[in-house]
Amino acid sequence: MPGLRVPSTRAGLRDRRHRRVRAKVAGTAGRPRLVVFRSDKHIYAQIVDDAARRTVLTVSDNGLSGKKSEKSTAVGKLVAEKAKAAGITKVVFDRAGYRYHGRVKAVADGAREGGLEF
């Protein structure tokens with residue numbers, strides 16, 4: 001049957017999980033979505049308003065030093081700082097198909113420390 005094909009790659013499996021998460025999580029103007037993207041070397045976070053279909057702000061670990069988990073916490077704090085400057089205090093966290101563990105959790109913890117409410 002079409003549509004029941006099981007993805008065979010790690011990226012395909014993550015995409016499937018991400019679609020499942022996105023079916024339940026949506027950002028609005030009052031409570032935008034904080035999305036995390038994790039590559040092997042870097043981590044990125046962006047705040048998205050799904051109602052207006054636009055990215056409000058984006059942050060990456062470029063220019064930061066330290067271990068990957070330390071950089072992830074710093075990215076969380078930086079995204080919280082920029083969000084507060086843009087007038088955003090509450091967000092919905094989108095783990096983008098990754099497990100809530102390690103660097104993804106570090107971004108969330110850093111954002112909470114920076115003052116964002118989930």
# chains A, B, ... in the order shown; residues from 1 in each chain; ligands from 1
>>> closest_atom_pairs(of="segment 63-88 of chain A", to="segment 31-48 of chain A", cutoff="10 Å", atoms="only C-alpha atoms", output="Markdown table")
| residue | atom | partner | partner_atom | distance |
| --- | --- | --- | --- | --- |
| A:Lys68 | CA | A:His42 | CA | 7.5 |
| A:Ser69 | CA | A:Ile43 | CA | 9.4 |
| A:Lys71 | CA | A:Ile43 | CA | 8.0 |
| A:Ser72 | CA | A:Ile43 | CA | 6.5 |
| A:Val75 | CA | A:Ala45 | CA | 7.2 |
| A:Gly76 | CA | A:Ala45 | CA | 7.6 |
| A:Leu78 | CA | A:Ala45 | CA | 9.5 |
| A:Val79 | CA | A:Ala45 | CA | 7.1 |
| A:Ala80 | CA | A:Ile47 | CA | 9.8 |
| A:Lys82 | CA | A:Ile47 | CA | 9.9 |
| A:Ala83 | CA | A:Ile47 | CA | 8.0 |
| A:Ile88 | CA | A:Arg31 | CA | 7.7 |
>>> select_by_dssp(residues="chain A", states="strand (DSSP E or B)", output="short mmCIF file (atom, residue, chain, number, x, y, z; two decimals) with N, CA and C atoms, in the first residue's frame")
data_model
loop_
_atom_site.label_atom_id
_atom_site.label_comp_id
_atom_site.auth_asym_id
_atom_site.auth_seq_id
_atom_site.Cartn_x
_atom_site.Cartn_y
_atom_site.Cartn_z
N ARG A 33 7.05 28.67 18.10
CA ARG A 33 7.68 27.36 18.24
C ARG A 33 9.20 27.52 18.25
N LEU A 34 9.85 26.93 19.24
CA LEU A 34 11.31 26.90 19.32
C LEU A 34 11.78 25.57 18.75
N VAL A 35 12.41 25.62 17.56
CA VAL A 35 12.84 24.42 16.84
C VAL A 35 14.33 24.23 17.02
N VAL A 36 14.75 22.99 17.21
CA VAL A 36 16.16 22.66 17.35
C VAL A 36 16.58 21.80 16.16
N PHE A 37 17.73 22.12 15.56
CA PHE A 37 18.33 21.25 14.55
C PHE A 37 19.72 20.89 15.03
N ARG A 38 20.02 19.61 15.01
CA ARG A 38 21.30 19.12 15.52
C ARG A 38 22.02 18.40 14.39
N ILE A 43 24.85 22.97 16.33
CA ILE A 43 23.46 22.97 16.77
C ILE A 43 22.86 24.33 16.44
N TYR A 44 21.61 24.32 16.02
CA TYR A 44 20.91 25.54 15.61
C TYR A 44 19.56 25.58 16.31
N ALA A 45 19.08 26.78 16.60
CA ALA A 45 17.75 26.95 17.17
C ALA A 45 17.09 28.11 16.46
N GLN A 46 15.81 27.97 16.18
CA GLN A 46 15.08 29.09 15.60
C GLN A 46 13.70 29.17 16.20
N ILE A 47 13.16 30.37 16.21
CA ILE A 47 11.81 30.59 16.70
C ILE A 47 10.94 30.89 15.49
N VAL A 48 9.85 30.12 15.36
CA VAL A 48 9.00 30.18 14.17
C VAL A 48 7.57 30.49 14.57
N ASP A 49 6.96 31.43 13.85
CA ASP A 49 5.54 31.72 13.99
C ASP A 49 4.83 31.01 12.85
N ARG A 54 6.49 32.44 9.26
CA ARG A 54 7.77 33.14 9.17
C ARG A 54 8.67 32.76 10.34
N THR A 55 9.96 32.85 10.09
CA THR A 55 10.96 32.61 11.12
C THR A 55 11.23 33.94 11.81
N VAL A 56 11.03 33.99 13.11
CA VAL A 56 11.20 35.23 13.86
C VAL A 56 12.68 35.51 14.09
N LEU A 57 13.42 34.49 14.54
CA LEU A 57 14.85 34.65 14.76
C LEU A 57 15.54 33.30 14.72
N THR A 58 16.84 33.34 14.52
CA THR A 58 17.62 32.11 14.46
C THR A 58 18.97 32.31 15.14
N VAL A 59 19.45 31.24 15.75
CA VAL A 59 20.73 31.28 16.48
C VAL A 59 21.49 30.01 16.16
N SER A 60 22.82 30.11 16.02
CA SER A 60 23.64 28.92 15.83
C SER A 60 24.83 29.00 16.78
N LYS A 90 7.03 33.28 25.99
CA LYS A 90 6.53 31.90 26.04
C LYS A 90 6.70 31.26 24.67
N VAL A 92 6.70 27.16 22.46
CA VAL A 92 6.42 25.73 22.42
C VAL A 92 7.69 25.07 21.92
N PHE A 93 8.18 24.05 22.61
CA PHE A 93 9.44 23.41 22.24
C PHE A 93 9.20 22.31 21.22
N ASP A 94 9.93 22.37 20.11
CA ASP A 94 9.85 21.37 19.05
C ASP A 94 11.20 20.66 18.97
N GLU A 117 9.63 30.61 28.84
CA GLU A 117 8.68 29.70 29.46
C GLU A 117 8.20 28.70 28.42
#
>>> select_by_dssp(residues="chain A", states="helix (DSSP H, G or I)", output="NGL selection string")
:A and (10-22 or 68-85 or 103-113)
>>> closest_residue(among="A:Ala108, A:Leu116, A:Ala96, A:Ala23", to="Ala11 of chain A", atoms="only C-alpha atoms")
A:Ala96
>>> closest_residue(among="A:Glu70, A:Tyr98, A:Lys84, A:Ala26", to="Leu13 of chain A", atoms="only C-alpha atoms")
A:Tyr98
>>> atom_distance(atom1="atom CA of Pro7 of chain A", atom2="atom CA of Arg20 of chain A")
13.9 Å
